[in-house]
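What follows is one structure encoded as structure tokens, with my remarks underneath.
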Amino acid sequence: MDPGEVKYEPVSVKAVLSEMKDTAELLIDLSYSAVLHGSDQLAAEVLTLEEQMDILQLKARMSLLMSARSTEDAEALAPVLGVVGAAEKIADAAGDIAKIVLEDIGLPEAMRAALPEAVEAVVRAELVEGTPYDGRTLADINMETETGVRVIAIRQSQPTGKTGWLTNPDRDATLRAGDVVILRGRTEGLDTVYETATGDAYEAPDAPAPTIDDLGRAVDSIVLMKNMSELAVDLAYGAVLFDSEGVAEEVHELEAEVDALQSRFEAWVLRAAARVEDPISLRGLVHLATATEEISDAALEISEGVLRGLDAHPVVAAAVEESDEIIVRLTVGAGSTLADATLAERMVKTETGMRVIAVRRPESTEEGHDGEWVVSPGPATELHAGDVIIAKGTRAGAERLSELAGDPREFE
């Protein structure tokens, strides 16, 4: 991209930051899915979005520089520049992951066997002429309820904006033949939706399990690094939104754990290299681990201002709150549907579409939790009255989750 093509124009910093957050999260999904599927098309979409992020960060930096009139302004806006830079680093890391596919750097097939356990499948589909989805809104299609598959982004064939990308589309978004949709869901639902959209059968990736123990351990390490890095990004934005030093400390711990995992990963890869027929095929693993570690570093940068005791700038908190996929903080009420039940028992993800990314126990409980954080809670995680849950998803889902938690809110 030629920087000369981007000229200053008055823009809402809040809107740009919100779009950068949504784009960064979409890039993480698409880049790992490109590796999972060995898909040049998904990888190419990543690089297109990375270029879009370059433009967004330049616009944000120019607007922030125009806003600084004094030393006080500079101090207040410095953490905002950190958030802008961190989102750009996430985009760059996602681009590096996509190039593993586009440049045929090499990746063991075992990697593709392991990743489906780490993520819901994300698939690119182009709507063909005659598809039943043509001209219908997502609300009319009712895709997520009927199939469990969600449209997380649309590249419109007749774009209404400059980029044509619509991230986390709402129920009123209309699909058209020629649109490219990014779908997230399980294989059984994707089978139906993909065939309806494209007219072709969906082929799920299939790969053998690793036959070398050290290689298997290396692959498992990357899967864990990926999950922890994604969680760190979610929690980092939550730390800024809620101005929570406790959440920011968790981001710091996650980043340190990812660093430790990368060190162990390197040892296992070096040991495995002596036992594989073509050690060059392991280059992609090394690239993937490096990019994943950079994502966790970026998450730490997002929360760094909170860690240093600096007040979160209102524009950042507002941008996080108003992004297409919002982060909410709710307290489980006594006698509520969620109290004294596990996430699986109440089918929280199915009922609301919200993903609970962390739970903070009350300062003192009979179980003696003493305010501890439960990061990346699973289906067996049990909730109790007084627990604070941080969840991520749509506004409609957030309203439903707030009802279940007994903490009614309205999310405009």
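The chains in the structure tokens are called A, B, ... from first to last as shown; in each chain the residues are counted from 1, and the ligands are counted from 1 in the order shown.
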Exercise for review: Give me the residues within 7 Å of A:Arg150 as a list of chain:residue names, counting only C-alpha atoms and dropping any in the same chain fewer than 4 places off.
Suggested key: A:Met143, A:Glu144, A:Leu183, A:Arg184, A:Gly185
Point to revise | Contact residues around A:Thr292 with only C-alpha atoms at 9 Å, ignoring same-chain residues under 5 positions, as an NGL selection string | key: :A and (93-94 or 97 or 222 or 225-226 or 229-230 or 258 or 287 or 297)
For the selection just defined, write its residues with C-alpha atoms to a file, as a PDB file, in the first residue's frame.
```pdb
ATOM      1  CA  ALA A  93       0.763 -11.638  12.716  1.00  0.00           C
ATOM      2  CA  ALA A  94      -2.381 -12.897  10.982  1.00  0.00           C
ATOM      3  CA  ILE A  97       0.080 -16.989   9.336  1.00  0.00           C
ATOM      4  CA  ILE A 222       0.701 -24.467  19.296  1.00  0.00           C
ATOM      5  CA  MET A 225      -0.747 -21.116  22.483  1.00  0.00           C
ATOM      6  CA  LYS A 226      -3.449 -20.172  20.000  1.00  0.00           C
ATOM      7  CA  SER A 229      -3.477 -15.826  22.777  1.00  0.00           C
ATOM      8  CA  GLU A 230      -7.081 -15.429  21.615  1.00  0.00           C
ATOM      9  CA  VAL A 258       2.515 -18.327  25.941  1.00  0.00           C
ATOM     10  CA  HIS A 287       6.323 -19.447  11.684  1.00  0.00           C
ATOM     11  CA  ASP A 297       2.368  -9.686  22.972  1.00  0.00           C
TER      12      ASP A 297
END
```
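For stretch 129-139 of chain A, the list of residues within 7 Å, based on only C-alpha atoms and with local chain neighbours fewer than 4 positions off taken out, reads Met143, Arg171, Asp172, Ala173, Thr174, Leu175, Arg176, Ala177, Thr196 and Ala197 of chain A.
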Expected file contents, prior selection, N, CA and C atoms, as a PDB file, in the first residue's frame:
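Generated output (selection-v2.pdb):
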```
ATOM      1  N   MET A 143     -30.454 -18.605  10.223  1.00  0.00           N
ATOM      2  CA  MET A 143     -29.426 -19.611  10.017  1.00  0.00           C
ATOM      3  C   MET A 143     -28.865 -20.178  11.312  1.00  0.00           C
ATOM      4  N   ARG A 171     -28.948  -8.846  12.346  1.00  0.00           N
ATOM      5  CA  ARG A 171     -30.056  -9.621  11.779  1.00  0.00           C
ATOM      6  C   ARG A 171     -30.655  -8.967  10.537  1.00  0.00           C
ATOM      7  N   ASP A 172     -30.428  -7.667  10.358  1.00  0.00           N
ATOM      8  CA  ASP A 172     -31.013  -6.962   9.213  1.00  0.00           C
ATOM      9  C   ASP A 172     -30.119  -7.000   7.970  1.00  0.00           C
ATOM     10  N   ALA A 173     -28.929  -7.585   8.075  1.00  0.00           N
ATOM     11  CA  ALA A 173     -28.026  -7.655   6.928  1.00  0.00           C
ATOM     12  C   ALA A 173     -28.632  -8.551   5.844  1.00  0.00           C
ATOM     13  N   THR A 174     -28.583  -8.072   4.612  1.00  0.00           N
ATOM     14  CA  THR A 174     -29.164  -8.804   3.486  1.00  0.00           C
ATOM     15  C   THR A 174     -28.063  -9.445   2.648  1.00  0.00           C
ATOM     16  N   LEU A 175     -28.256 -10.717   2.309  1.00  0.00           N
ATOM     17  CA  LEU A 175     -27.295 -11.435   1.480  1.00  0.00           C
ATOM     18  C   LEU A 175     -27.686 -11.324   0.008  1.00  0.00           C
ATOM     19  N   ARG A 176     -26.657 -11.251  -0.848  1.00  0.00           N
ATOM     20  CA  ARG A 176     -26.880 -11.154  -2.287  1.00  0.00           C
ATOM     21  C   ARG A 176     -25.992 -12.154  -3.003  1.00  0.00           C
ATOM     22  N   ALA A 177     -26.455 -12.633  -4.137  1.00  0.00           N
ATOM     23  CA  ALA A 177     -25.615 -13.488  -4.972  1.00  0.00           C
ATOM     24  C   ALA A 177     -24.338 -12.723  -5.317  1.00  0.00           C
ATOM     25  N   THR A 196     -26.065 -24.959   0.412  1.00  0.00           N
ATOM     26  CA  THR A 196     -27.147 -24.053   0.037  1.00  0.00           C
ATOM     27  C   THR A 196     -26.596 -22.772  -0.572  1.00  0.00           C
ATOM     28  N   ALA A 197     -25.470 -22.282  -0.039  1.00  0.00           N
ATOM     29  CA  ALA A 197     -24.896 -21.021  -0.504  1.00  0.00           C
ATOM     30  C   ALA A 197     -24.171 -21.160  -1.837  1.00  0.00           C
TER      31      ALA A 197
END
```
Review point. Neighbours of A:Leu330 within 9 Å (only C-alpha atoms; same-chain residues fewer than 2 positions away dropped), as a list in words?
Key: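 Close residues of A:Leu330: Val328, Val332, Asp387, Val388, Ile389, Ile390, Ala391, Leu401, Ser402, Ala405, Gly406, Asp407, Pro408 and Arg409 of chain A.
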Restricted to C-alpha atoms, what would the selected residues look like written as a PDB file, in the first residue's frame?
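Written output follows (out.pdb):
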```pdb
ATOM      1  CA  VAL A 328     -20.165  -7.598  28.653  1.00  0.00           C
ATOM      2  CA  VAL A 332     -24.867 -13.718  38.625  1.00  0.00           C
ATOM      3  CA  ASP A 387     -19.788 -14.489  40.383  1.00  0.00           C
ATOM      4  CA  VAL A 388     -18.844 -11.901  37.755  1.00  0.00           C
ATOM      5  CA  ILE A 389     -18.854 -13.278  34.228  1.00  0.00           C
ATOM      6  CA  ILE A 390     -17.217 -11.670  31.196  1.00  0.00           C
ATOM      7  CA  ALA A 391     -18.749 -12.797  27.931  1.00  0.00           C
ATOM      8  CA  LEU A 401     -27.531 -13.666  28.935  1.00  0.00           C
ATOM      9  CA  SER A 402     -28.257 -10.750  31.270  1.00  0.00           C
ATOM     10  CA  ALA A 405     -27.844 -14.062  35.045  1.00  0.00           C
ATOM     11  CA  GLY A 406     -30.498 -12.017  36.836  1.00  0.00           C
ATOM     12  CA  ASP A 407     -28.646  -8.819  35.937  1.00  0.00           C
ATOM     13  CA  PRO A 408     -30.999  -7.200  33.406  1.00  0.00           C
ATOM     14  CA  ARG A 409     -29.399  -4.670  31.048  1.00  0.00           C
TER      15      ARG A 409
END
```
Wanna dump the stretch 292-326 of chain A-stretch 75-85 of chain A contacts at 7 Å for me, each residue with its shortest atom pair and the distance in Å to one decimal, counting only C-alpha atoms, ordered by chain and number, as a tab-separated table?
```
residue	atom	partner	partner_atom	distance
A:Glu301	CA	A:Gly82	CA	6.3
A:Ile302	CA	A:Val83	CA	4.8
A:Gly305	CA	A:Pro79	CA	5.6
A:His313	CA	A:Ala76	CA	6.5
A:Val316	CA	A:Val80	CA	6.7
```
How about saving the chosen residues, N, CA and C atoms kept, as a PDB file, in the first residue's frame?
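Printed below is part.pdb as written:
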```pdb
ATOM      1  N   GLU A 301       0.030  -5.328  25.132  1.00  0.00           N
ATOM      2  CA  GLU A 301       0.134  -3.900  24.827  1.00  0.00           C
ATOM      3  C   GLU A 301      -1.216  -3.197  24.983  1.00  0.00           C
ATOM      4  N   ILE A 302      -2.296  -3.879  24.605  1.00  0.00           N
ATOM      5  CA  ILE A 302      -3.632  -3.283  24.738  1.00  0.00           C
ATOM      6  C   ILE A 302      -3.936  -2.967  26.198  1.00  0.00           C
ATOM      7  N   GLY A 305      -1.734   0.075  29.553  1.00  0.00           N
ATOM      8  CA  GLY A 305      -2.107   1.301  30.244  1.00  0.00           C
ATOM      9  C   GLY A 305      -2.806   1.019  31.561  1.00  0.00           C
ATOM     10  N   HIS A 313      -8.638   5.724  28.405  1.00  0.00           N
ATOM     11  CA  HIS A 313      -9.251   6.861  27.705  1.00  0.00           C
ATOM     12  C   HIS A 313     -10.683   6.492  27.330  1.00  0.00           C
ATOM     13  N   VAL A 316     -11.479   4.757  23.950  1.00  0.00           N
ATOM     14  CA  VAL A 316     -11.157   3.339  23.765  1.00  0.00           C
ATOM     15  C   VAL A 316     -12.256   2.466  24.356  1.00  0.00           C
TER      16      VAL A 316
END
```
Review point. Counting only C-alpha atoms, which of A:His252, A:Arg155, A:Arg217, A:Arg329 gets nearest to A:Arg308?
Key: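 For A:Arg308, the nearest of the given residues is A:His252.
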Practice item. Apply DSSP to the backbone of this structure and, from stretch 339-390 of chain A, keep only the residues in strand (DSSP E or B); write these as a ChimeraX atom specification. Key: /A:341-342,355-360,373-375,382-383,388-390
Same residues, N, CA, C and O atoms, saved as a PDB file, in the first residue's frame:
```
ATOM      1  N   ALA A 341     -25.320 -23.632  38.755  1.00  0.00           N
ATOM      2  CA  ALA A 341     -25.428 -24.510  37.584  1.00  0.00           C
ATOM      3  C   ALA A 341     -24.180 -24.340  36.737  1.00  0.00           C
ATOM      4  O   ALA A 341     -23.494 -23.323  36.794  1.00  0.00           O
ATOM      5  N   THR A 342     -23.875 -25.372  35.952  1.00  0.00           N
ATOM      6  CA  THR A 342     -22.729 -25.281  35.051  1.00  0.00           C
ATOM      7  C   THR A 342     -23.147 -24.617  33.741  1.00  0.00           C
ATOM      8  O   THR A 342     -24.345 -24.529  33.413  1.00  0.00           O
ATOM      9  N   ARG A 355     -20.171 -16.284  24.345  1.00  0.00           N
ATOM     10  CA  ARG A 355     -19.070 -17.116  24.830  1.00  0.00           C
ATOM     11  C   ARG A 355     -18.539 -16.513  26.123  1.00  0.00           C
ATOM     12  O   ARG A 355     -18.062 -15.378  26.134  1.00  0.00           O
ATOM     13  N   VAL A 356     -18.656 -17.264  27.215  1.00  0.00           N
ATOM     14  CA  VAL A 356     -18.125 -16.801  28.497  1.00  0.00           C
ATOM     15  C   VAL A 356     -16.614 -16.988  28.459  1.00  0.00           C
ATOM     16  O   VAL A 356     -16.119 -18.109  28.358  1.00  0.00           O
ATOM     17  N   ILE A 357     -15.866 -15.882  28.537  1.00  0.00           N
ATOM     18  CA  ILE A 357     -14.412 -15.952  28.397  1.00  0.00           C
ATOM     19  C   ILE A 357     -13.697 -15.899  29.741  1.00  0.00           C
ATOM     20  O   ILE A 357     -12.508 -16.226  29.816  1.00  0.00           O
ATOM     21  N   ALA A 358     -14.399 -15.505  30.805  1.00  0.00           N
ATOM     22  CA  ALA A 358     -13.770 -15.483  32.130  1.00  0.00           C
ATOM     23  C   ALA A 358     -14.841 -15.364  33.202  1.00  0.00           C
ATOM     24  O   ALA A 358     -15.930 -14.829  32.959  1.00  0.00           O
ATOM     25  N   VAL A 359     -14.511 -15.884  34.380  1.00  0.00           N
ATOM     26  CA  VAL A 359     -15.395 -15.789  35.547  1.00  0.00           C
ATOM     27  C   VAL A 359     -14.547 -15.335  36.729  1.00  0.00           C
ATOM     28  O   VAL A 359     -13.477 -15.877  36.972  1.00  0.00           O
ATOM     29  N   ARG A 360     -15.032 -14.313  37.453  1.00  0.00           N
ATOM     30  CA  ARG A 360     -14.339 -13.905  38.671  1.00  0.00           C
ATOM     31  C   ARG A 360     -15.205 -14.253  39.869  1.00  0.00           C
ATOM     32  O   ARG A 360     -16.360 -13.842  39.946  1.00  0.00           O
ATOM     33  N   TRP A 373      -9.746 -15.593  39.468  1.00  0.00           N
ATOM     34  CA  TRP A 373     -10.258 -15.596  38.103  1.00  0.00           C
ATOM     35  C   TRP A 373     -10.223 -17.011  37.530  1.00  0.00           C
ATOM     36  O   TRP A 373      -9.251 -17.734  37.707  1.00  0.00           O
ATOM     37  N   VAL A 374     -11.292 -17.380  36.843  1.00  0.00           N
ATOM     38  CA  VAL A 374     -11.318 -18.619  36.070  1.00  0.00           C
ATOM     39  C   VAL A 374     -11.283 -18.198  34.610  1.00  0.00           C
ATOM     40  O   VAL A 374     -12.260 -17.659  34.083  1.00  0.00           O
ATOM     41  N   VAL A 375     -10.146 -18.374  33.963  1.00  0.00           N
ATOM     42  CA  VAL A 375     -10.019 -17.972  32.565  1.00  0.00           C
ATOM     43  C   VAL A 375     -10.341 -19.160  31.669  1.00  0.00           C
ATOM     44  O   VAL A 375     -10.092 -20.304  32.017  1.00  0.00           O
ATOM     45  N   GLU A 382     -18.932 -24.260  37.056  1.00  0.00           N
ATOM     46  CA  GLU A 382     -20.173 -23.991  37.781  1.00  0.00           C
ATOM     47  C   GLU A 382     -20.194 -22.535  38.237  1.00  0.00           C
ATOM     48  O   GLU A 382     -19.203 -22.004  38.729  1.00  0.00           O
ATOM     49  N   LEU A 383     -21.343 -21.905  38.052  1.00  0.00           N
ATOM     50  CA  LEU A 383     -21.527 -20.514  38.441  1.00  0.00           C
ATOM     51  C   LEU A 383     -22.321 -20.432  39.741  1.00  0.00           C
ATOM     52  O   LEU A 383     -23.177 -21.285  40.000  1.00  0.00           O
ATOM     53  N   VAL A 388     -18.841 -12.850  38.869  1.00  0.00           N
ATOM     54  CA  VAL A 388     -18.844 -11.901  37.755  1.00  0.00           C
ATOM     55  C   VAL A 388     -18.399 -12.655  36.511  1.00  0.00           C
ATOM     56  O   VAL A 388     -17.347 -13.301  36.517  1.00  0.00           O
ATOM     57  N   ILE A 389     -19.205 -12.599  35.467  1.00  0.00           N
ATOM     58  CA  ILE A 389     -18.854 -13.278  34.228  1.00  0.00           C
ATOM     59  C   ILE A 389     -18.569 -12.235  33.149  1.00  0.00           C
ATOM     60  O   ILE A 389     -19.242 -11.213  33.061  1.00  0.00           O
ATOM     61  N   ILE A 390     -17.529 -12.505  32.358  1.00  0.00           N
ATOM     62  CA  ILE A 390     -17.217 -11.670  31.196  1.00  0.00           C
ATOM     63  C   ILE A 390     -17.485 -12.522  29.961  1.00  0.00           C
ATOM     64  O   ILE A 390     -16.964 -13.639  29.846  1.00  0.00           O
TER      65      ILE A 390
END
```
Check your understanding: Nearest to A:Arg264 among A:Ser281, A:Ala218, A:Asp179, A:Gly309, with distances taken over only C-alpha atoms: which residue is it?
Key ->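 Closest to A:Arg264, using only C-alpha atoms: A:Ala218.
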For the interface of stretch 62-173 of chain A with stretch 24-33 of chain A (cut-off 10 Å, counting only C-alpha atoms), please tabulate each contacting residue of stretch 62-173 of chain A alongside its nearest pair of atoms and their separation in Å to one decimal, rows sorted by chain and increasing number, as JSON lines.
```
{"residue": "A:Ala86", "atom": "CA", "partner": "A:Ala24", "partner_atom": "CA", "distance": 9.5}
{"residue": "A:Ala87", "atom": "CA", "partner": "A:Ala24", "partner_atom": "CA", "distance": 6.0}
{"residue": "A:Glu88", "atom": "CA", "partner": "A:Ala24", "partner_atom": "CA", "distance": 7.7}
{"residue": "A:Lys89", "atom": "CA", "partner": "A:Ala24", "partner_atom": "CA", "distance": 9.0}
{"residue": "A:Ile90", "atom": "CA", "partner": "A:Ala24", "partner_atom": "CA", "distance": 6.1}
{"residue": "A:Ala91", "atom": "CA", "partner": "A:Ala24", "partner_atom": "CA", "distance": 5.7}
{"residue": "A:Asp92", "atom": "CA", "partner": "A:Leu27", "partner_atom": "CA", "distance": 9.4}
{"residue": "A:Ala93", "atom": "CA", "partner": "A:Ile28", "partner_atom": "CA", "distance": 8.5}
{"residue": "A:Ala94", "atom": "CA", "partner": "A:Ser31", "partner_atom": "CA", "distance": 5.5}
{"residue": "A:Gly95", "atom": "CA", "partner": "A:Ser31", "partner_atom": "CA", "distance": 7.2}
{"residue": "A:Asp96", "atom": "CA", "partner": "A:Ser31", "partner_atom": "CA", "distance": 8.6}
{"residue": "A:Ile97", "atom": "CA", "partner": "A:Ser31", "partner_atom": "CA", "distance": 5.8}
{"residue": "A:Ala98", "atom": "CA", "partner": "A:Ser31", "partner_atom": "CA", "distance": 5.3}
{"residue": "A:Lys99", "atom": "CA", "partner": "A:Ser31", "partner_atom": "CA", "distance": 9.0}
{"residue": "A:Ile100", "atom": "CA", "partner": "A:Ser31", "partner_atom": "CA", "distance": 9.5}
{"residue": "A:Val101", "atom": "CA", "partner": "A:Ser31", "partner_atom": "CA", "distance": 9.4}
{"residue": "A:Arg112", "atom": "CA", "partner": "A:Ser33", "partner_atom": "CA", "distance": 9.5}
{"residue": "A:Leu115", "atom": "CA", "partner": "A:Tyr32", "partner_atom": "CA", "distance": 8.2}
{"residue": "A:Pro116", "atom": "CA", "partner": "A:Ser33", "partner_atom": "CA", "distance": 9.0}
{"residue": "A:Ala118", "atom": "CA", "partner": "A:Tyr32", "partner_atom": "CA", "distance": 9.9}
{"residue": "A:Val119", "atom": "CA", "partner": "A:Ser33", "partner_atom": "CA", "distance": 8.4}
{"residue": "A:Glu120", "atom": "CA", "partner": "A:Ser33", "partner_atom": "CA", "distance": 9.0}
{"residue": "A:Ala121", "atom": "CA", "partner": "A:Ser33", "partner_atom": "CA", "distance": 6.9}
{"residue": "A:Val122", "atom": "CA", "partner": "A:Ser33", "partner_atom": "CA", "distance": 5.7}
{"residue": "A:Val123", "atom": "CA", "partner": "A:Ser33", "partner_atom": "CA", "distance": 7.3}
{"residue": "A:Arg124", "atom": "CA", "partner": "A:Leu30", "partner_atom": "CA", "distance": 8.8}
{"residue": "A:Ile152", "atom": "CA", "partner": "A:Leu26", "partner_atom": "CA", "distance": 7.9}
{"residue": "A:Ala153", "atom": "CA", "partner": "A:Leu26", "partner_atom": "CA", "distance": 7.9}
{"residue": "A:Thr167", "atom": "CA", "partner": "A:Leu26", "partner_atom": "CA", "distance": 7.6}
{"residue": "A:Asn168", "atom": "CA", "partner": "A:Leu26", "partner_atom": "CA", "distance": 8.8}
```
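Nearest residue to A:Val251, choosing from A:Thr187, A:Leu307, A:Ala15, A:Glu277 and counting only C-alpha atoms: A:Leu307.
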Check your understanding: Between atom CA of A:Gly246 and atom CA of A:Glu293, what is the spacing in Å?
Key ->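 That distance, rounded to one decimal, is 21.8 Å.
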